[in-house]
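Engineer: Shown below is the structure under consideration.
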Amino acid sequence: MRRLLAISVVALLPLALTPAAHADEPADRQEAFAAAAREFKVPESVLLGVSYLESRWDAHAGQPSNSAGFGPMHLTDAASFAASNHHGQGEEDARGDESRPLPAPTTSAAPADIPAALRTMDKAAELTGESRERLRSDAAANIRGGAALLADYQKSLGAPLSDDPGQWYGAVAKYSGAEETGAAKFFADEVFATIKNGAARTTDDGQKVALPAVPGLEKIEKWLEKLGLRPSRTDGVECPASVSCEWIPSAYQELPPDDYGHYDLANRPSSQKIDYIVIHDMEGYFEPSIRLNQDPNYGASWQYSIRSTDGHIAQHIKAKDVGWQAGNWYINAKSIGIEHEGFLAEGATWYTEAMYRSSARLVRYLALRYAVPLDRAHILGHDNVPGTLPTTVQGMHEDPGPFWDWAHYFQLMGAPLHRFGGPSAGSIMIKPDFATNKPYFYGCDRANPEADCPPLPASTVWLRTEPRDDAPLVKDIGKHPTGGSLYSVYDHSARATTGQRFAVADRQGDWTAIWYLGQKAWFHNPASAPTAVPSAGLVVTPKPGKATVPVYGRAYPEQEAYPADIPYQAVTPLQYTFSAGEKYTLAGPAATEYYRAVTFDLADHKVVRGRTKYLEIQFGHRVMFVKADDVRVSFAW
């Protein structure tokens with residue numbers, strides 16, 4: 001979600017974080033951890049566990065990571081900060097109700113003072129003698145810096161430089177940078193859970209790293225008390241007990257002369273069912289974004305915010321109420337919005353393991369509580385939410401973007417994305433290997449927006465008009481009415497993303513075609529390195545005799561359903577259609593509802609329900625709706 005003003009990192013030319021080139025330094029990432037652990041007398045398991053929660057041991061191609069942090073140990077550099085607007089996303093109306101459009105927002109968040117947690121690079125340089133440049137760009141130096149910080153934190157607590165990992169609980173909690181006891185404890189607990197269970201993976205730059213399990217590990221939590229952290233306000237929060245969560249309420253008040261801000265009271269799920277959870281990134285920093293949510297004049301609001309560094313959650317709006325967050329009033333009225341600290345174009349560098357774990361637990365908790373299916377048709381990115389009318393399609397937002405690891409996210413939810421059916425199944429699920437899938441993008445460097453992005457892991461595949469690498473990208477007439485799709489990191493017009501299901505249109509060698517926005521769209525899908533898996537299931541196709549079928553951005557009732565005191569909301573098709581012979585995967589029925597909420601008083605709010613039956617389909621990158629009377633449903637084996 002776009003924020004008017006955000007503190008951000010100055011874009012830097014990509015630097016490949018590789019082990020140091022000096023002959024006496026480690027030759028690979030695993031040995032870099034071992035050498036740094038020996039040098040600074042930190043248990044290697046602790047060093048590996050902390051790095052895993054920060055970066056999953058990745059180098060992120062030298063880009064600054066969350067909170068201007070760098071490298072596997074996320075060393076933060078306040079000198080890299082600058083005030084900046086992000087201009088990549090569309091200018092959508094967050095409320096998404098054209099019957100009461102929001103004015104252009106005029107409020108901005110003033111930059112906050114930079115806390116010590118965002119200035120660890122200087123301390124690491126002081127402790128190691130390394131230059132800031134090497135700490136940023138050299139993985140082995142970066143790991144040395146992280147180990148030196150951990151040892152320094154241990155000493156500051158009066159704790160021993162012990163071989164016992166359990167003695168390092170307080171230093172690990174301090175490394176999180178959290179100011180709240182709950183957040184520091186969550187981070188430390190996740191690190192120690194990783195140490196206890198072990199982990200192994202190949203990093204984004206091909207380094208094989210392993211953390212052997214440490215059985216019988218006993219955390220010594222007395223050191224946590226010495227950090228002097230503040231307690232979180234937890235009264236009334238709707239969060240799982242296993243995460244760090246506090247209540248920071250969004251503003252709700254009347255505004256002169258006849259307005260209010262900046263969410264709507266409701267009584268969900270009694271009034272209407274919650275069907276979706278929408279995943280956003282803030283396009284900004286945690287604290288400034290929260291301050292926007294506390295300003296009733298700001299034209300957007302959301303239920304939860306999640307901090308990148310440690311996964312701390314702030315809840316702002318009760319789940320029963322409606323946030324102005326997704327740019328589509330129908331989706332808003334039936335969803336919960338979760339904002340994640342970060343920037344789309346800086347992608348996975350912001351999306352830490354601590355954030356993924358905290359967010360996944362929250363989503364699972366909410367999904368079980370409100371019976372939201374744990375699939376990609378109901379756990380939506382903001383970039384999967386459809387426009388409401390043909391005029392709003394072009395401005396819809398595109399976060400969290402291609403660098404969000406949907407497969408890992410669902411794995412953490414306990415709902416892994418899996419194959420179903422044989423190799424010739426009539427529908428497939430997009431599922432490239434995130435670590436090795438590095439498609440071309442441009443636009444990651446805000447100072448040079450035309451520059452190529454460094455090769456980074458992504459969850460998306462490009463879609464082309466023909467089965468060859470040099471074929472043009474397919475077109476999206478809503479996003480680009482007069483031009484073609486772009487390779488911009490902000491343009492999803494010709495992309496399909498992990499977890500999305502599509503009907504197969506054709507196969508040719510290493511290429512698979514899907515039906516997408518009314519056309520055949522080809523993507524590279526070789527058997528040796530598949531980017532999709534079979535996913536047999538229900539599909540829709542036009543009923544016999546129908547040449548084309550319209551699609552909709554919302555499932556609003558027919559005119560006859562509206563009482564006299566509620567204005568009719570026109571059922572307007574989008575600019576897309578699909579034709580006989582085309583098929584699109586079915587997510588399920590969509591409730592035919594319009595939530596009328598235009599006053600400060602909950603007593604005036606009403607739900608209009610109609611008789612028209614709608615179905616939700618995966619039509620392009622975004623989900624859309626069709627009338628059940630227009631299509632035939634079948635099973636694509």
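Chain labels A, B, ... are given in the sequence in which chains occur in the structure tokens; within each chain residues are numbered consecutively from 1, and ligands are likewise numbered from 1 in the order shown.
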Would you return as a list in words the members of region 441-507 of chain A that DSSP assigns to strand (DSSP E or B) on this structure's backbone?
Structural biologist: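 Matching residues for strand (DSSP E or B) in region 441-507 of chain A are Tyr442, Asp452, Thr460, Val461, Trp462, Arg464, Leu473, Ser488, Arg495, Ala496, Thr497, Arg501, Phe502, Ala503, Val504, Ala505, Asp506 and Arg507 of chain A.
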Engineer: Within region 195-346 of chain A, find each residue whose DSSP state, derived from the backbone, is helix (DSSP H, G or I), and express the selection as a list in words.
Structural biologist: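 The helix (DSSP H, G or I) residues within region 195-346 of chain A come out as Ile195, Lys196, Asn197, Glu221, Lys222, Trp223, Leu224, Glu225, Lys226, Leu227, Phe286, Glu287, Pro288, Ser289, Ile290, Arg291, Leu292, Asn293, Trp329, Tyr330, Ile331, Asn332, Ala333, Leu344, Ala345 and Glu346 of chain A.
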Engineer: Those residues with N, CA and C atoms, as a short mmCIF file (atom, residue, chain, number, x, y, z; two decimals), in the first residue's frame please?
Structural biologist:
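What follows is the written file result-v7.cif:
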data_model
loop_
_atom_site.label_atom_id
_atom_site.label_comp_id
_atom_site.auth_asym_id
_atom_site.auth_seq_id
_atom_site.Cartn_x
_atom_site.Cartn_y
_atom_site.Cartn_z
N ILE A 195 17.61 -23.35 16.23
CA ILE A 195 18.79 -24.07 16.71
C ILE A 195 18.41 -25.47 17.17
N LYS A 196 17.32 -25.59 17.88
CA LYS A 196 16.89 -26.89 18.41
C LYS A 196 16.53 -27.86 17.28
N ASN A 197 15.84 -27.33 16.24
CA ASN A 197 15.35 -28.20 15.17
C ASN A 197 16.34 -28.37 14.04
N GLU A 221 16.60 -17.69 30.26
CA GLU A 221 15.90 -16.45 29.93
C GLU A 221 16.15 -15.33 30.93
N LYS A 222 16.92 -15.60 31.98
CA LYS A 222 17.12 -14.55 32.99
C LYS A 222 17.80 -13.32 32.39
N TRP A 223 18.59 -13.52 31.32
CA TRP A 223 19.29 -12.39 30.71
C TRP A 223 18.33 -11.44 30.03
N LEU A 224 17.14 -11.91 29.67
CA LEU A 224 16.15 -11.04 29.03
C LEU A 224 15.74 -9.90 29.95
N GLU A 225 15.68 -10.18 31.24
CA GLU A 225 15.23 -9.17 32.20
C GLU A 225 16.17 -7.98 32.26
N LYS A 226 17.42 -8.18 31.88
CA LYS A 226 18.41 -7.11 31.96
C LYS A 226 18.32 -6.12 30.81
N LEU A 227 17.47 -6.40 29.81
CA LEU A 227 17.39 -5.52 28.65
C LEU A 227 16.55 -4.28 28.91
N PHE A 286 7.76 1.08 9.51
CA PHE A 286 6.75 0.66 10.48
C PHE A 286 6.15 1.84 11.25
N GLU A 287 6.94 2.60 11.94
CA GLU A 287 6.39 3.65 12.80
C GLU A 287 5.73 4.78 12.02
N PRO A 288 6.33 5.31 10.94
CA PRO A 288 5.62 6.33 10.17
C PRO A 288 4.29 5.83 9.60
N SER A 289 4.25 4.57 9.16
CA SER A 289 3.01 4.02 8.61
C SER A 289 1.94 3.89 9.69
N ILE A 290 2.35 3.49 10.89
CA ILE A 290 1.40 3.40 11.99
C ILE A 290 0.82 4.77 12.31
N ARG A 291 1.65 5.81 12.25
CA ARG A 291 1.14 7.15 12.53
C ARG A 291 0.10 7.58 11.50
N LEU A 292 0.26 7.14 10.26
CA LEU A 292 -0.76 7.42 9.26
C LEU A 292 -2.07 6.74 9.63
N ASN A 293 -1.99 5.52 10.14
CA ASN A 293 -3.20 4.79 10.53
C ASN A 293 -3.89 5.44 11.73
N TRP A 329 -14.23 -1.88 -2.63
CA TRP A 329 -15.12 -1.88 -1.47
C TRP A 329 -15.72 -3.26 -1.21
N TYR A 330 -16.00 -4.01 -2.26
CA TYR A 330 -16.53 -5.36 -2.07
C TYR A 330 -15.51 -6.22 -1.32
N ILE A 331 -14.24 -6.18 -1.74
CA ILE A 331 -13.20 -6.95 -1.06
C ILE A 331 -12.96 -6.40 0.34
N ASN A 332 -12.90 -5.08 0.49
CA ASN A 332 -12.71 -4.49 1.82
C ASN A 332 -13.75 -5.00 2.81
N ALA A 333 -15.00 -5.01 2.38
CA ALA A 333 -16.10 -5.39 3.27
C ALA A 333 -16.02 -6.85 3.68
N LEU A 344 8.20 -2.85 -2.19
CA LEU A 344 8.04 -3.87 -3.22
C LEU A 344 9.32 -4.08 -4.01
N ALA A 345 9.95 -2.99 -4.46
CA ALA A 345 11.11 -3.11 -5.34
C ALA A 345 12.34 -3.63 -4.63
N GLU A 346 12.35 -3.53 -3.29
CA GLU A 346 13.47 -4.05 -2.51
C GLU A 346 13.15 -5.41 -1.93
#
Engineer: Considering only C-alpha atoms, state which residue in the set A:Arg357, A:Arg464, A:Gly499, A:Gly395 is at the smallest distance from Lys431 (chain A).
Structural biologist: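 Checking each candidate against Lys431 (chain A), we get A:Gly499 as the closest.
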Engineer: Just checking: using only C-alpha atoms, which residue out of A:His340, A:Arg369, A:Lys219, A:His418 ends up closest to Pro269 (chain A)?
Structural biologist: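 Looking at the shortest contact to Pro269 (chain A), the residue is A:Arg369.
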Engineer: Compare A:His262, A:His316, A:His408, A:His621 by their minimum atom-to-atom distance to Leu102 (chain A), counting only C-alpha atoms, and give me the closest one.
Structural biologist: A:His262
Engineer: Excluding Ala496 (chain A) and its own-chain neighbours fewer than 2 positions away, which residues fall within 12 Å of it when counting only C-alpha atoms? Please give them as a PDB file with N, CA, C and O atoms, in the first residue's frame.
Structural biologist:
ATOM      1  N   ARG A 376      -4.561 -19.587  -2.463  1.00  0.00           N
ATOM      2  CA  ARG A 376      -4.200 -18.306  -3.066  1.00  0.00           C
ATOM      3  C   ARG A 376      -5.375 -17.588  -3.711  1.00  0.00           C
ATOM      4  O   ARG A 376      -5.215 -16.490  -4.249  1.00  0.00           O
ATOM      5  N   ASP A 383      -1.930  -7.135  -4.980  1.00  0.00           N
ATOM      6  CA  ASP A 383      -1.840  -7.195  -6.438  1.00  0.00           C
ATOM      7  C   ASP A 383      -2.805  -8.195  -7.056  1.00  0.00           C
ATOM      8  O   ASP A 383      -2.917  -8.257  -8.290  1.00  0.00           O
ATOM      9  N   ASN A 384      -3.497  -8.967  -6.259  1.00  0.00           N
ATOM     10  CA  ASN A 384      -4.494  -9.914  -6.776  1.00  0.00           C
ATOM     11  C   ASN A 384      -5.922  -9.401  -6.656  1.00  0.00           C
ATOM     12  O   ASN A 384      -6.858 -10.058  -7.098  1.00  0.00           O
ATOM     13  N   GLY A 401       4.360  -7.786  -4.404  1.00  0.00           N
ATOM     14  CA  GLY A 401       5.295  -7.872  -5.507  1.00  0.00           C
ATOM     15  C   GLY A 401       5.905  -9.236  -5.735  1.00  0.00           C
ATOM     16  O   GLY A 401       5.624 -10.202  -5.014  1.00  0.00           O
ATOM     17  N   PRO A 402       6.786  -9.338  -6.734  1.00  0.00           N
ATOM     18  CA  PRO A 402       7.281 -10.649  -7.170  1.00  0.00           C
ATOM     19  C   PRO A 402       8.262 -11.300  -6.214  1.00  0.00           C
ATOM     20  O   PRO A 402       8.541 -12.492  -6.343  1.00  0.00           O
ATOM     21  N   ILE A 428      -3.168 -26.242 -13.779  1.00  0.00           N
ATOM     22  CA  ILE A 428      -1.858 -26.282 -13.118  1.00  0.00           C
ATOM     23  C   ILE A 428      -1.785 -25.185 -12.056  1.00  0.00           C
ATOM     24  O   ILE A 428      -2.588 -24.247 -12.041  1.00  0.00           O
ATOM     25  N   MET A 429      -0.811 -25.343 -11.158  1.00  0.00           N
ATOM     26  CA  MET A 429      -0.504 -24.306 -10.176  1.00  0.00           C
ATOM     27  C   MET A 429       0.894 -23.781 -10.459  1.00  0.00           C
ATOM     28  O   MET A 429       1.835 -24.566 -10.619  1.00  0.00           O
ATOM     29  N   ILE A 430       1.047 -22.482 -10.522  1.00  0.00           N
ATOM     30  CA  ILE A 430       2.360 -21.872 -10.704  1.00  0.00           C
ATOM     31  C   ILE A 430       3.183 -22.131  -9.447  1.00  0.00           C
ATOM     32  O   ILE A 430       2.750 -21.855  -8.336  1.00  0.00           O
ATOM     33  N   LYS A 431       4.387 -22.673  -9.614  1.00  0.00           N
ATOM     34  CA  LYS A 431       5.210 -23.001  -8.444  1.00  0.00           C
ATOM     35  C   LYS A 431       6.676 -23.175  -8.851  1.00  0.00           C
ATOM     36  O   LYS A 431       7.246 -24.260  -8.748  1.00  0.00           O
ATOM     37  N   PRO A 432       7.331 -22.081  -9.266  1.00  0.00           N
ATOM     38  CA  PRO A 432       8.765 -22.202  -9.554  1.00  0.00           C
ATOM     39  C   PRO A 432       9.557 -22.365  -8.268  1.00  0.00           C
ATOM     40  O   PRO A 432       9.082 -22.022  -7.177  1.00  0.00           O
ATOM     41  N   ALA A 458      12.464 -14.951  -7.120  1.00  0.00           N
ATOM     42  CA  ALA A 458      11.111 -14.417  -7.306  1.00  0.00           C
ATOM     43  C   ALA A 458      10.116 -15.563  -7.403  1.00  0.00           C
ATOM     44  O   ALA A 458      10.465 -16.693  -7.746  1.00  0.00           O
ATOM     45  N   SER A 459       8.862 -15.245  -7.141  1.00  0.00           N
ATOM     46  CA  SER A 459       7.804 -16.261  -7.126  1.00  0.00           C
ATOM     47  C   SER A 459       6.952 -16.221  -8.388  1.00  0.00           C
ATOM     48  O   SER A 459       5.879 -16.812  -8.423  1.00  0.00           O
ATOM     49  N   THR A 460       7.431 -15.550  -9.415  1.00  0.00           N
ATOM     50  CA  THR A 460       6.596 -15.276 -10.576  1.00  0.00           C
ATOM     51  C   THR A 460       7.238 -15.783 -11.861  1.00  0.00           C
ATOM     52  O   THR A 460       8.453 -15.980 -11.923  1.00  0.00           O
ATOM     53  N   VAL A 461       6.414 -15.989 -12.899  1.00  0.00           N
ATOM     54  CA  VAL A 461       6.908 -16.362 -14.224  1.00  0.00           C
ATOM     55  C   VAL A 461       6.347 -15.382 -15.251  1.00  0.00           C
ATOM     56  O   VAL A 461       5.239 -14.868 -15.093  1.00  0.00           O
ATOM     57  N   TRP A 462       7.113 -15.115 -16.299  1.00  0.00           N
ATOM     58  CA  TRP A 462       6.666 -14.256 -17.385  1.00  0.00           C
ATOM     59  C   TRP A 462       5.771 -15.038 -18.341  1.00  0.00           C
ATOM     60  O   TRP A 462       6.010 -16.216 -18.612  1.00  0.00           O
ATOM     61  N   LEU A 463       4.780 -14.347 -18.888  1.00  0.00           N
ATOM     62  CA  LEU A 463       3.821 -14.948 -19.811  1.00  0.00           C
ATOM     63  C   LEU A 463       3.972 -14.305 -21.190  1.00  0.00           C
ATOM     64  O   LEU A 463       3.956 -13.077 -21.315  1.00  0.00           O
ATOM     65  N   ARG A 464       4.085 -15.145 -22.232  1.00  0.00           N
ATOM     66  CA  ARG A 464       4.396 -14.662 -23.579  1.00  0.00           C
ATOM     67  C   ARG A 464       3.336 -15.090 -24.591  1.00  0.00           C
ATOM     68  O   ARG A 464       2.546 -16.007 -24.342  1.00  0.00           O
ATOM     69  N   LEU A 473       5.583 -10.162 -24.497  1.00  0.00           N
ATOM     70  CA  LEU A 473       4.731 -10.444 -23.346  1.00  0.00           C
ATOM     71  C   LEU A 473       3.268 -10.305 -23.746  1.00  0.00           C
ATOM     72  O   LEU A 473       2.915  -9.504 -24.619  1.00  0.00           O
ATOM     73  N   VAL A 474       2.401 -11.092 -23.091  1.00  0.00           N
ATOM     74  CA  VAL A 474       0.969 -10.943 -23.348  1.00  0.00           C
ATOM     75  C   VAL A 474       0.510  -9.566 -22.878  1.00  0.00           C
ATOM     76  O   VAL A 474       1.160  -8.924 -22.045  1.00  0.00           O
ATOM     77  N   ASP A 491       5.027  -3.985 -12.669  1.00  0.00           N
ATOM     78  CA  ASP A 491       4.011  -4.312 -13.673  1.00  0.00           C
ATOM     79  C   ASP A 491       3.748  -5.817 -13.690  1.00  0.00           C
ATOM     80  O   ASP A 491       4.591  -6.591 -14.129  1.00  0.00           O
ATOM     81  N   HIS A 492       2.581  -6.210 -13.226  1.00  0.00           N
ATOM     82  CA  HIS A 492       2.254  -7.638 -13.174  1.00  0.00           C
ATOM     83  C   HIS A 492       1.393  -8.066 -14.353  1.00  0.00           C
ATOM     84  O   HIS A 492       0.810  -9.152 -14.351  1.00  0.00           O
ATOM     85  N   SER A 493       1.258  -7.237 -15.380  1.00  0.00           N
ATOM     86  CA  SER A 493       0.318  -7.495 -16.480  1.00  0.00           C
ATOM     87  C   SER A 493       0.536  -8.837 -17.163  1.00  0.00           C
ATOM     88  O   SER A 493      -0.419  -9.443 -17.653  1.00  0.00           O
ATOM     89  N   ALA A 494       1.770  -9.278 -17.228  1.00  0.00           N
ATOM     90  CA  ALA A 494       2.093 -10.514 -17.941  1.00  0.00           C
ATOM     91  C   ALA A 494       2.826 -11.483 -17.032  1.00  0.00           C
ATOM     92  O   ALA A 494       3.786 -12.131 -17.425  1.00  0.00           O
ATOM     93  N   THR A 498       3.234 -17.750  -7.864  1.00  0.00           N
ATOM     94  CA  THR A 498       3.168 -18.984  -7.088  1.00  0.00           C
ATOM     95  C   THR A 498       1.839 -19.130  -6.349  1.00  0.00           C
ATOM     96  O   THR A 498       1.379 -18.203  -5.679  1.00  0.00           O
ATOM     97  N   GLY A 499       1.266 -20.313  -6.479  1.00  0.00           N
ATOM     98  CA  GLY A 499       0.008 -20.636  -5.809  1.00  0.00           C
ATOM     99  C   GLY A 499      -1.216 -20.387  -6.653  1.00  0.00           C
ATOM    100  O   GLY A 499      -2.280 -20.951  -6.377  1.00  0.00           O
ATOM    101  N   GLN A 500      -1.100 -19.554  -7.690  1.00  0.00           N
ATOM    102  CA  GLN A 500      -2.250 -19.297  -8.557  1.00  0.00           C
ATOM    103  C   GLN A 500      -2.490 -20.495  -9.470  1.00  0.00           C
ATOM    104  O   GLN A 500      -1.545 -21.077 -10.014  1.00  0.00           O
ATOM    105  N   ARG A 501      -3.770 -20.842  -9.640  1.00  0.00           N
ATOM    106  CA  ARG A 501      -4.161 -21.964 -10.491  1.00  0.00           C
ATOM    107  C   ARG A 501      -4.735 -21.442 -11.804  1.00  0.00           C
ATOM    108  O   ARG A 501      -5.518 -20.492 -11.815  1.00  0.00           O
ATOM    109  N   PHE A 502      -4.348 -22.085 -12.906  1.00  0.00           N
ATOM    110  CA  PHE A 502      -4.832 -21.693 -14.225  1.00  0.00           C
ATOM    111  C   PHE A 502      -5.184 -22.934 -15.029  1.00  0.00           C
ATOM    112  O   PHE A 502      -4.590 -24.003 -14.851  1.00  0.00           O
ATOM    113  N   ALA A 513       0.962 -23.357 -22.046  1.00  0.00           N
ATOM    114  CA  ALA A 513       0.099 -22.186 -22.218  1.00  0.00           C
ATOM    115  C   ALA A 513      -1.086 -22.291 -21.271  1.00  0.00           C
ATOM    116  O   ALA A 513      -1.644 -23.376 -21.063  1.00  0.00           O
ATOM    117  N   ILE A 514      -1.464 -21.166 -20.693  1.00  0.00           N
ATOM    118  CA  ILE A 514      -2.651 -21.077 -19.840  1.00  0.00           C
ATOM    119  C   ILE A 514      -3.607 -20.043 -20.430  1.00  0.00           C
ATOM    120  O   ILE A 514      -3.206 -19.187 -21.224  1.00  0.00           O
ATOM    121  N   TRP A 515      -4.872 -20.144 -20.043  1.00  0.00           N
ATOM    122  CA  TRP A 515      -5.828 -19.096 -20.395  1.00  0.00           C
ATOM    123  C   TRP A 515      -5.675 -17.960 -19.389  1.00  0.00           C
ATOM    124  O   TRP A 515      -5.729 -18.171 -18.178  1.00  0.00           O
ATOM    125  N   TYR A 516      -5.496 -16.738 -19.924  1.00  0.00           N
ATOM    126  CA  TYR A 516      -5.120 -15.595 -19.082  1.00  0.00           C
ATOM    127  C   TYR A 516      -5.654 -14.329 -19.747  1.00  0.00           C
ATOM    128  O   TYR A 516      -5.259 -13.995 -20.873  1.00  0.00           O
ATOM    129  N   LEU A 517      -6.585 -13.662 -19.101  1.00  0.00           N
ATOM    130  CA  LEU A 517      -7.140 -12.399 -19.607  1.00  0.00           C
ATOM    131  C   LEU A 517      -7.669 -12.529 -21.035  1.00  0.00           C
ATOM    132  O   LEU A 517      -7.510 -11.653 -21.879  1.00  0.00           O
ATOM    133  N   ALA A 521      -1.474 -17.686 -22.954  1.00  0.00           N
ATOM    134  CA  ALA A 521      -0.267 -17.097 -22.388  1.00  0.00           C
ATOM    135  C   ALA A 521       0.726 -18.219 -22.104  1.00  0.00           C
ATOM    136  O   ALA A 521       0.445 -19.123 -21.318  1.00  0.00           O
ATOM    137  N   TRP A 522       1.902 -18.137 -22.719  1.00  0.00           N
ATOM    138  CA  TRP A 522       2.896 -19.202 -22.638  1.00  0.00           C
ATOM    139  C   TRP A 522       3.962 -18.881 -21.587  1.00  0.00           C
ATOM    140  O   TRP A 522       4.406 -17.745 -21.472  1.00  0.00           O
ATOM    141  N   PHE A 523       4.383 -19.906 -20.835  1.00  0.00           N
ATOM    142  CA  PHE A 523       5.502 -19.743 -19.913  1.00  0.00           C
ATOM    143  C   PHE A 523       6.419 -20.972 -19.996  1.00  0.00           C
ATOM    144  O   PHE A 523       5.969 -22.080 -20.307  1.00  0.00           O
ATOM    145  N   HIS A 524       7.694 -20.741 -19.716  1.00  0.00           N
ATOM    146  CA  HIS A 524       8.682 -21.809 -19.802  1.00  0.00           C
ATOM    147  C   HIS A 524       8.506 -22.751 -18.624  1.00  0.00           C
ATOM    148  O   HIS A 524       8.545 -22.329 -17.471  1.00  0.00           O
ATOM    149  N   THR A 531       8.250 -25.051 -13.535  1.00  0.00           N
ATOM    150  CA  THR A 531       7.793 -23.825 -12.887  1.00  0.00           C
ATOM    151  C   THR A 531       6.310 -23.886 -12.545  1.00  0.00           C
ATOM    152  O   THR A 531       5.728 -22.896 -12.099  1.00  0.00           O
ATOM    153  N   ALA A 532       5.696 -25.055 -12.767  1.00  0.00           N
ATOM    154  CA  ALA A 532       4.302 -25.282 -12.392  1.00  0.00           C
ATOM    155  C   ALA A 532       4.131 -26.756 -12.060  1.00  0.00           C
ATOM    156  O   ALA A 532       4.929 -27.599 -12.485  1.00  0.00           O
ATOM    157  N   GLN A 618      -9.854 -17.318 -11.292  1.00  0.00           N
ATOM    158  CA  GLN A 618      -8.522 -16.742 -11.509  1.00  0.00           C
ATOM    159  C   GLN A 618      -8.457 -16.372 -12.976  1.00  0.00           C
ATOM    160  O   GLN A 618      -8.237 -17.218 -13.849  1.00  0.00           O
ATOM    161  N   PHE A 619      -8.642 -15.084 -13.272  1.00  0.00           N
ATOM    162  CA  PHE A 619      -8.773 -14.664 -14.662  1.00  0.00           C
ATOM    163  C   PHE A 619      -7.456 -14.166 -15.242  1.00  0.00           C
ATOM    164  O   PHE A 619      -7.141 -14.408 -16.397  1.00  0.00           O
ATOM    165  N   GLY A 620      -6.692 -13.444 -14.481  1.00  0.00           N
ATOM    166  CA  GLY A 620      -5.360 -12.986 -14.866  1.00  0.00           C
ATOM    167  C   GLY A 620      -4.498 -13.035 -13.623  1.00  0.00           C
ATOM    168  O   GLY A 620      -4.586 -13.975 -12.834  1.00  0.00           O
ATOM    169  N   HIS A 621      -3.686 -12.015 -13.438  1.00  0.00           N
ATOM    170  CA  HIS A 621      -2.938 -11.940 -12.187  1.00  0.00           C
ATOM    171  C   HIS A 621      -3.883 -11.685 -11.017  1.00  0.00           C
ATOM    172  O   HIS A 621      -3.599 -12.068  -9.886  1.00  0.00           O
ATOM    173  N   ARG A 622      -5.011 -11.048 -11.295  1.00  0.00           N
ATOM    174  CA  ARG A 622      -5.999 -10.751 -10.262  1.00  0.00           C
ATOM    175  C   ARG A 622      -7.184 -11.712 -10.356  1.00  0.00           C
ATOM    176  O   ARG A 622      -7.506 -12.217 -11.438  1.00  0.00           O
ATOM    177  N   VAL A 623      -7.819 -11.969  -9.222  1.00  0.00           N
ATOM    178  CA  VAL A 623      -9.064 -12.732  -9.239  1.00  0.00           C
ATOM    179  C   VAL A 623     -10.171 -11.828  -9.755  1.00  0.00           C
ATOM    180  O   VAL A 623     -10.101 -10.599  -9.633  1.00  0.00           O
TER     181      VAL A 623
END
Engineer: Write out, as a Markdown table, each residue of region 363-398 of chain A that has an atom at most 8 Å from region 321-327 of chain A, together with the closest pair of atoms and their distance in Å to one decimal, counting only C-alpha atoms, rows going by chain and rising number.
Structural biologist:
| residue | atom | partner | partner_atom | distance |
| --- | --- | --- | --- | --- |
| A:His382 | CA | A:Ala326 | CA | 6.3 |
| A:Val385 | CA | A:Ala326 | CA | 6.9 |
| A:Gly387 | CA | A:Gly327 | CA | 7.4 |
| A:Met396 | CA | A:Gly327 | CA | 6.9 |
Engineer: With all heavy atoms kept, could you save the residues just selected as a CSV table (one decimal), in the first residue's frame?
Structural biologist:
chain,number,residue,atom,x,y,z
A,382,HIS,N,-2.3,-7.8,-2.4
A,382,HIS,CA,-3.0,-6.6,-2.9
A,382,HIS,C,-3.0,-6.6,-4.4
A,382,HIS,O,-3.9,-6.1,-5.0
A,382,HIS,CB,-2.3,-5.3,-2.3
A,382,HIS,CG,-3.1,-4.1,-2.4
A,382,HIS,ND1,-2.7,-2.9,-1.8
A,382,HIS,CD2,-4.2,-3.8,-3.1
A,382,HIS,CE1,-3.6,-2.0,-2.1
A,382,HIS,NE2,-4.5,-2.5,-2.8
A,385,VAL,N,-6.1,-8.2,-6.1
A,385,VAL,CA,-7.4,-7.6,-5.9
A,385,VAL,C,-7.9,-6.9,-7.1
A,385,VAL,O,-7.1,-6.1,-7.7
A,385,VAL,CB,-7.4,-6.6,-4.7
A,385,VAL,CG1,-8.8,-5.9,-4.6
A,385,VAL,CG2,-7.1,-7.4,-3.4
A,387,GLY,N,-9.8,-4.4,-9.9
A,387,GLY,CA,-10.4,-3.1,-9.9
A,387,GLY,C,-11.9,-3.2,-9.9
A,387,GLY,O,-12.5,-4.3,-10.2
A,396,MET,N,-4.8,0.2,-9.8
A,396,MET,CA,-4.7,-0.7,-8.6
A,396,MET,C,-3.3,-1.1,-8.3
A,396,MET,O,-2.4,-1.1,-9.1
A,396,MET,CB,-5.5,-2.0,-9.0
A,396,MET,CG,-7.0,-1.8,-9.2
A,396,MET,SD,-7.9,-1.2,-7.7
A,396,MET,CE,-7.8,-2.7,-6.7
Engineer: For Leu366 (chain A), find every residue with an atom within 9 Å (counting only C-alpha atoms), except residues of its own chain fewer than 5 positions away, and show them as a list in words.
Structural biologist: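 With the cut-off at 9 Å, the set is Glu238, Cys239, Pro240, Ile277, Ala319, Ile336, Arg361, Ala371 and Val372 of chain A.
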Engineer: Mind checking which residues fall within 8 Å of Asp205 (chain A), counting only C-alpha atoms, ignoring those fewer than 3 positions away in the same chain, and posting them as JSON, numbers by chain?
Structural biologist: {"A": [58, 59, 60, 61, 202]}
Engineer: What's the separation between CA of Gly71 (chain A) and CA of Tyr409 (chain A), in Å to one decimal place?
Structural biologist: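 Value for the CA of Gly71 (chain A)-CA of Tyr409 (chain A) distance: 21.6 Å.
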